[in-house]
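File shown: run.csv. Contents: CSV, C-alpha atoms.
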```
chain,number,residue,atom,x,y,z
W,12,MET,CA,-33.1,86.4,-10.1
W,13,GLY,CA,-32.7,88.7,-13.1
W,14,GLY,CA,-29.2,88.4,-14.6
W,15,ILE,CA,-27.9,86.3,-11.7
W,16,GLN,CA,-27.4,82.6,-12.8
W,17,PHE,CA,-27.3,80.0,-10.0
W,18,ALA,CA,-26.4,76.3,-10.1
W,19,THR,CA,-25.9,73.8,-7.3
W,20,VAL,CA,-23.3,71.1,-7.7
W,21,ASN,CA,-21.1,68.8,-5.5
W,22,TYR,CA,-17.6,68.5,-7.0
W,23,ALA,CA,-14.3,67.9,-5.4
W,24,VAL,CA,-11.9,70.8,-6.2
W,25,PRO,CA,-8.4,72.1,-5.1
W,26,ALA,CA,-8.1,74.3,-2.1
W,27,PRO,CA,-9.2,77.9,-2.7
W,28,GLN,CA,-5.7,79.3,-2.4
W,29,SER,CA,-4.5,76.8,-5.0
W,30,LEU,CA,-7.3,77.7,-7.3
W,31,THR,CA,-6.4,81.4,-7.2
W,32,ARG,CA,-2.8,80.5,-8.2
W,33,GLN,CA,-4.0,78.2,-10.9
W,34,LEU,CA,-6.3,80.8,-12.4
W,35,ARG,CA,-3.3,83.1,-12.8
W,36,THR,CA,-0.8,80.6,-14.2
W,37,ASP,CA,0.7,81.0,-17.6
W,38,ASP,CA,0.0,77.3,-18.4
W,39,GLU,CA,-3.3,77.3,-20.4
W,40,ARG,CA,-4.2,73.7,-19.5
W,41,THR,CA,-3.9,74.3,-15.8
W,42,ARG,CA,-5.8,77.6,-16.1
W,43,ALA,CA,-8.6,75.9,-18.0
W,44,ALA,CA,-8.9,73.2,-15.3
W,45,ALA,CA,-9.2,75.9,-12.6
W,46,LEU,CA,-11.8,77.7,-14.6
W,47,SER,CA,-13.7,74.5,-14.9
W,48,ALA,CA,-13.4,73.9,-11.2
W,49,ILE,CA,-15.1,77.2,-10.3
W,50,GLY,CA,-17.9,76.6,-12.8
W,51,ALA,CA,-16.9,79.2,-15.5
W,52,PRO,CA,-19.1,79.1,-18.7
W,53,SER,CA,-18.0,76.7,-21.3
W,54,GLN,CA,-16.8,79.4,-23.7
W,55,TYR,CA,-13.7,79.9,-21.4
W,56,LEU,CA,-12.7,76.3,-21.4
W,57,GLN,CA,-12.0,76.0,-25.1
W,58,HIS,CA,-8.4,75.9,-26.3
W,59,GLY,CA,-7.2,79.4,-27.1
W,60,HIS,CA,-10.0,81.1,-25.1
W,61,THR,CA,-8.7,80.6,-21.5
W,62,GLY,CA,-7.6,84.1,-20.9
W,63,LEU,CA,-6.3,85.3,-17.6
W,64,PRO,CA,-8.9,86.7,-15.2
W,65,HIS,CA,-8.8,90.5,-14.9
W,66,SER,CA,-9.2,90.3,-11.1
W,67,ILE,CA,-9.8,87.6,-8.4
W,68,GLN,CA,-11.5,88.0,-5.1
W,69,LEU,CA,-11.2,85.4,-2.3
W,70,GLU,CA,-13.0,85.7,1.0
W,71,PHE,CA,-13.5,83.2,3.8
W,72,ALA,CA,-16.7,83.4,6.0
W,73,ALA,CA,-19.0,81.1,8.0
W,74,LEU,CA,-22.0,80.9,5.6
W,75,GLY,CA,-23.4,77.9,7.5
W,76,PRO,CA,-23.8,76.7,11.1
W,77,GLU,CA,-20.4,74.9,11.3
W,78,ASP,CA,-17.4,76.6,12.8
W,79,GLU,CA,-15.2,76.0,9.7
W,80,LEU,CA,-14.9,78.9,7.3
W,81,ASP,CA,-16.3,78.5,3.8
W,82,ALA,CA,-14.8,80.2,0.7
W,83,ILE,CA,-16.2,82.6,-1.8
W,84,LEU,CA,-14.0,82.7,-4.8
W,85,THR,CA,-14.9,85.3,-7.6
W,86,ALA,CA,-13.1,85.7,-10.9
W,87,GLU,CA,-13.7,88.6,-13.3
W,88,LEU,CA,-13.5,87.3,-16.9
W,89,ASP,CA,-13.8,89.0,-20.3
W,90,HIS,CA,-17.6,88.8,-20.4
W,91,HIS,CA,-18.7,87.3,-17.0
W,92,ILE,CA,-18.2,87.6,-13.3
W,93,VAL,CA,-18.2,84.1,-11.8
W,94,THR,CA,-18.4,83.2,-8.1
W,95,ALA,CA,-17.8,79.7,-6.7
W,96,ILE,CA,-19.0,78.7,-3.3
W,97,LEU,CA,-16.6,76.2,-1.7
W,98,ILE,CA,-16.8,74.3,1.6
W,99,PRO,CA,-14.2,72.3,3.5
W,100,ASP,CA,-14.6,68.5,3.5
W,101,GLY,CA,-12.1,67.1,5.9
W,102,ASP,CA,-8.7,67.9,4.4
W,103,ASN,CA,-10.3,68.5,1.0
W,104,TRP,CA,-12.6,71.1,-0.6
W,105,ARG,CA,-15.9,70.8,-2.5
W,106,ARG,CA,-17.7,73.3,-4.8
W,107,ILE,CA,-21.3,73.3,-3.9
W,108,ALA,CA,-22.6,76.2,-6.1
W,109,THR,CA,-21.6,78.7,-8.8
W,110,LEU,CA,-23.3,82.0,-9.5
W,111,PHE,CA,-22.4,84.2,-12.4
W,112,VAL,CA,-23.6,87.2,-14.3
W,113,ALA,CA,-23.0,88.2,-18.0
W,114,ASP,CA,-21.0,91.4,-17.7
W,115,PRO,CA,-18.3,92.7,-20.0
W,116,PHE,CA,-15.0,93.8,-18.5
W,117,SER,CA,-15.5,97.1,-20.4
W,118,ASP,CA,-18.3,97.9,-18.0
W,119,THR,CA,-16.4,100.1,-15.5
W,120,SER,CA,-19.2,100.2,-13.0
W,121,THR,CA,-18.8,96.5,-12.0
W,122,THR,CA,-16.1,94.5,-10.2
W,123,PRO,CA,-16.2,91.3,-8.2
W,124,SER,CA,-17.0,93.3,-5.1
W,125,THR,CA,-20.1,94.9,-6.7
W,126,PHE,CA,-21.4,91.4,-7.6
W,127,VAL,CA,-20.9,89.7,-4.3
W,128,ARG,CA,-20.2,90.8,-0.7
W,129,THR,CA,-20.7,89.3,2.7
W,130,SER,CA,-23.0,90.5,5.4
W,131,ARG,CA,-24.1,89.2,8.8
W,132,SER,CA,-26.9,86.6,8.7
W,133,LEU,CA,-30.3,87.9,9.7
W,134,LEU,CA,-31.0,84.5,11.4
W,135,GLU,CA,-27.7,84.0,13.2
W,136,HIS,CA,-25.8,87.1,13.9
W,137,ASP,CA,-22.5,85.3,14.4
W,138,ARG,CA,-22.7,83.8,10.9
W,139,TYR,CA,-22.7,85.3,7.4
W,140,ARG,CA,-24.7,85.5,4.2
W,141,ALA,CA,-23.4,86.1,0.7
W,142,VAL,CA,-25.3,89.0,-1.0
W,143,PHE,CA,-25.3,89.1,-4.8
W,144,GLN,CA,-26.4,92.0,-6.9
W,145,ALA,CA,-26.6,92.4,-10.7
W,146,GLU,CA,-28.2,95.0,-13.0
W,147,THR,CA,-29.9,94.7,-16.3
W,148,VAL,CA,-30.1,97.9,-18.4
W,149,ASP,CA,-32.3,98.5,-21.4
W,150,ALA,CA,-31.6,100.6,-24.5
W,151,HIS,CA,-32.9,103.8,-22.8
W,152,GLY,CA,-30.7,103.5,-19.7
W,153,ASN,CA,-33.5,102.2,-17.5
W,154,TYR,CA,-32.2,99.6,-15.1
W,155,THR,CA,-33.3,96.8,-12.7
W,156,GLN,CA,-31.0,95.5,-10.0
W,157,ASN,CA,-31.7,92.0,-8.6
W,158,GLU,CA,-30.5,90.9,-5.3
W,159,ALA,CA,-30.1,87.3,-3.9
W,160,HIS,CA,-28.9,86.1,-0.5
W,161,LEU,CA,-27.1,82.8,-0.1
W,162,ARG,CA,-26.4,80.7,2.9
W,163,ILE,CA,-25.2,77.1,3.5
W,164,ILE,CA,-27.8,74.9,5.1
W,165,ASN,CA,-27.1,71.1,5.5
W,166,LYS,CA,-24.0,71.6,3.5
W,167,GLN,CA,-26.0,72.9,0.5
W,168,ALA,CA,-26.0,76.3,-1.0
W,169,VAL,CA,-29.5,77.9,-0.6
W,170,ILE,CA,-30.9,81.1,-1.9
W,171,THR,CA,-32.9,82.3,1.1
W,172,THR,CA,-34.4,85.3,-0.6
W,173,ASN,CA,-34.2,87.2,-3.9
W,174,PHE,CA,-36.0,90.4,-5.0
W,175,VAL,CA,-35.6,93.6,-7.1
W,176,SER,CA,-33.4,95.8,-4.9
W,177,ALA,CA,-33.2,98.9,-7.1
W,178,SER,CA,-34.7,100.2,-10.3
W,179,ARG,CA,-35.0,103.4,-12.4
W,180,ASP,CA,-37.7,103.7,-15.0
W,181,CYS,CA,-37.7,106.9,-17.1
W,182,THR,CA,-40.0,108.2,-19.8
W,183,ILE,CA,-38.5,108.5,-23.2
W,184,PRO,CA,-36.8,111.9,-23.6
W,185,PRO,CA,-38.7,114.3,-25.9
W,186,PRO,CA,-37.4,114.9,-29.4
W,187,THR,CA,-34.9,117.8,-29.8
W,188,GLY,CA,-36.6,121.2,-29.8
W,189,LYS,CA,-39.8,120.1,-28.1
W,190,GLN,CA,-40.8,120.9,-24.5
W,191,ALA,CA,-40.7,117.9,-22.1
W,192,SER,CA,-44.1,116.5,-21.2
W,193,PRO,CA,-45.3,117.2,-17.6
W,194,ASN,CA,-45.2,113.4,-17.1
W,195,ALA,CA,-41.6,113.1,-18.2
W,196,GLY,CA,-39.1,112.0,-15.5
W,197,CYS,CA,-37.9,108.9,-13.7
W,198,ASN,CA,-39.5,106.6,-11.1
W,199,VAL,CA,-36.9,105.3,-8.7
W,200,LEU,CA,-37.0,102.4,-6.3
W,201,ARG,CA,-34.9,100.9,-3.5
W,202,ARG,CA,-35.8,97.7,-1.6
W,203,TRP,CA,-34.1,95.8,1.3
W,204,LEU,CA,-34.8,93.1,3.8
W,205,GLN,CA,-34.2,93.9,7.4
W,206,ALA,CA,-34.9,92.5,10.9
W,207,ASP,CA,-38.0,93.9,12.7
W,208,PRO,CA,-36.7,95.7,15.7
W,209,ALA,CA,-39.5,94.3,17.8
W,210,ALA,CA,-38.4,90.7,17.2
W,211,PRO,CA,-35.0,90.8,15.4
W,212,TYR,CA,-34.4,87.0,15.3
W,213,LYS,CA,-37.9,85.9,14.2
W,214,GLU,CA,-39.6,88.7,12.2
W,215,PHE,CA,-38.4,90.6,9.2
W,216,MET,CA,-39.5,93.4,6.9
W,217,LEU,CA,-39.1,93.9,3.2
W,218,VAL,CA,-38.9,97.6,2.9
W,219,THR,CA,-39.8,99.3,-0.5
W,220,ALA,CA,-38.9,102.9,-0.9
W,221,THR,CA,-40.1,104.8,-4.0
W,222,GLY,CA,-39.7,108.3,-5.4
W,223,ARG,CA,-39.6,110.4,-8.6
W,224,LEU,CA,-37.2,112.7,-10.4
W,225,SER,CA,-38.5,115.4,-12.7
W,226,TYR,CA,-37.2,115.4,-16.3
W,227,LYS,CA,-35.0,118.4,-15.5
W,228,GLU,CA,-33.5,116.6,-12.4
W,229,ALA,CA,-33.0,113.3,-14.3
W,230,THR,CA,-31.1,115.0,-17.1
W,231,SER,CA,-28.9,117.2,-14.8
W,232,SER,CA,-25.2,116.6,-14.5
W,233,ILE,CA,-25.8,114.5,-11.3
W,234,GLY,CA,-29.0,112.9,-12.5
W,235,ASN,CA,-27.4,109.5,-12.8
W,236,ALA,CA,-25.8,109.5,-9.4
W,237,GLU,CA,-27.1,106.9,-7.0
W,238,PRO,CA,-27.1,109.3,-4.0
W,239,PHE,CA,-29.2,111.7,-6.0
W,240,ASP,CA,-31.8,108.9,-6.6
W,241,VAL,CA,-31.8,108.0,-3.0
W,242,SER,CA,-32.4,111.6,-1.9
W,243,HIS,CA,-35.7,111.5,-3.8
W,244,LEU,CA,-37.1,108.5,-2.0
W,245,HIS,CA,-40.2,109.7,0.0
W,246,ASN,CA,-42.7,106.8,0.2
W,247,PHE,CA,-41.9,103.7,2.3
W,248,ALA,CA,-43.9,100.4,2.4
W,249,CYS,CA,-43.2,97.5,4.7
W,250,GLN,CA,-44.1,93.8,4.2
W,251,PRO,CA,-43.6,91.4,7.1
W,252,PHE,CA,-41.6,88.2,6.4
W,253,ALA,CA,-40.6,85.1,8.3
W,254,PHE,CA,-38.1,82.4,7.6
W,255,SER,CA,-39.6,79.0,6.7
W,256,ASP,CA,-37.6,75.9,7.7
W,257,ALA,CA,-39.7,73.9,5.2
W,258,THR,CA,-38.8,76.0,2.1
W,259,MET,CA,-35.5,77.4,3.5
W,260,HIS,CA,-36.7,80.7,2.2
W,261,PHE,CA,-38.0,84.0,3.7
W,262,GLU,CA,-41.8,84.0,3.1
W,263,PRO,CA,-44.3,86.9,3.3
W,264,THR,CA,-46.7,86.7,6.2
W,265,ALA,CA,-48.9,89.6,5.3
W,266,ALA,CA,-49.5,92.2,2.5
W,267,SER,CA,-47.3,95.2,2.0
W,268,ALA,CA,-48.6,98.4,3.7
W,269,PRO,CA,-47.2,101.9,4.6
W,270,CYS,CA,-44.4,101.5,7.2
W,271,PRO,CA,-45.7,102.3,10.7
W,272,ALA,CA,-44.4,105.5,12.2
W,273,LYS,CA,-43.3,105.2,15.8
```
Let me see the file written as structure tokens.
Amino acid sequence: MGGIQFATVNYAVPAPQSLTRQLRTDDERTRAAALSAIGAPSQYLQHGHTGLPHSIQLEFAALGPEDELDAILTAELDHHIVTAILIPDGDNWRRIATLFVADPFSDTSTTPSTFVRTSRSLLEHDRYRAVFQAETVDAHGNYTQNEAHLRIINKQAVITTNFVSASRDCTIPPPTGKQASPNAGCNVLRRWLQADPAAPYKEFMLVTATGRLSYKEATSSIGNAEPFDVSHLHNFACQPFAFSDATMHFEPTAASAPCPAK
């Protein structure tokens, strides 16, 4: 899943609202206990290193079939964004999973809301899924964005699908004073999973859209803007998928092919 780290657990924890208060307390010991409860990396649990989160996001949504609302608690730390998946257990709460990405606070393009958001479940439209996205960037500015969808099945956190949802791969810019090669430019990609309109509850499509920016376009003042990338997507391929109860995962049912025009 690229930079997205995922671990399932089964720990009793304080209520989500209590955890948010404990994460912001001035008492270092209480704050360290709250960071441990959400599954923060061990570097934040050492004495003298339990800094205050820069931001905290708490959302309640039905990620599973039960009527009770589950909690998605996300903390933005110095070098990571950490999300804990919490479920009610009678009058108590349990953490059943933690997902995090290594991401410095100095990266102004990321926040808890860019790491995780909720969307309606593709399988049950009155329920939700948690959608996680994280980018990895190389030394030349090329990036790959991975996406993972999480639901709760049988009181367990399950990644129902994961794929590369966006990428930008550029040729190395020419040395100063030399003309750009005709092949210089950027290949861009966007990918998403959607319901097949013909059978929206049973059949699904993984859509892959690709396009290309010329070297001049890629190095223009708006060359790094996402809408500009999207405006250059011209080729669309569709691969049919179905949800497997055995693997609890969306599985391909045929090869990818050009999307049908209707």
Legend entry - Test item: residues at most 8 Å from Thr171 of chain W, all atoms listed in the file, excluding those fewer than 2 positions along its chain, as a count of residues only: 9
Legend entry - Pick from W:Ala141, W:Ser66, W:Thr109, W:Gly101, whichever lies nearest to Thr121 of chain W using only C-alpha atoms: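 Between W:Ala141, W:Ser66, W:Thr109, W:Gly101, the residue approaching Thr121 of chain W most closely is W:Ser66.
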Legend entry - Top pick for closest residue to Phe17 of chain W, considering W:Ser267, W:Phe254, W:Ala168, W:Arg40 and counting only C-alpha atoms: W:Ala168
Inset, instruction - Can you pull out every residue within 10 Å of Gly50 of chain W, counting all atoms listed in the file, but drop anything in the same chain fewer than 6 positions away, and send it as a list in words? - result: Ala18, Val20, Tyr22, Ala44, Val93, Thr94, Ala95, Ile96, Arg106, Ala108, Thr109, Leu110 and Phe111 of chain W
Inset, instruction - Would you mind reading off the distance between atom CA of Gln250 of chain W and atom CA of Pro208 of chain W, one decimal, in Å? - result: 13.8 Å
Inset, instruction - Work out how far apart atom CA of His90 of chain W and atom CA of Val142 of chain W are and give it in Å to one decimal. - result: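 Interatomic distance, atom CA of His90 of chain W to atom CA of Val142 of chain W: 20.9 Å.
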Inset, instruction - Measure the distance from atom CA of Thr172 of chain W to atom CA of Pro211 of chain W in Å and round it to one decimal. - result: 16.9 Å
Legend entry - Pick from W:Cys197, W:Ala272, W:Ala145, W:Val175 nearest to Asp114 of chain W, counting only C-alpha atoms: W:Ala145
Inset, instruction - Would you mind telling me which residue in W:Leu224, W:Leu74, W:Val218, W:Ala206 lies nearest to Ala253 of chain W when using only C-alpha atoms? - result: W:Ala206
Inset, instruction - Have a look at W:Asn165, W:Phe239, W:Tyr154, W:Leu134 and name the one nearest to Asp207 of chain W; count all atoms listed in the file. - result: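 Comparing W:Asn165, W:Phe239, W:Tyr154, W:Leu134 against Asp207 of chain W, the winner is W:Leu134.
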Legend entry - From W:Phe247, W:Tyr226, W:Phe126, W:Phe252, residue lying nearest Leu204 of chain W [all atoms listed in the file]: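 The closest residue to Leu204 of chain W is W:Phe252.
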Inset, instruction - Tell me which protein, DNA and RNA residues are within 8 Å of Glu87 of chain W, counting all atoms listed in the file, leaving out same-chain ones fewer than 6 positions away, and put them as a PyMOL selection string. - result: chain W and resi 64-67+93+116+122-123
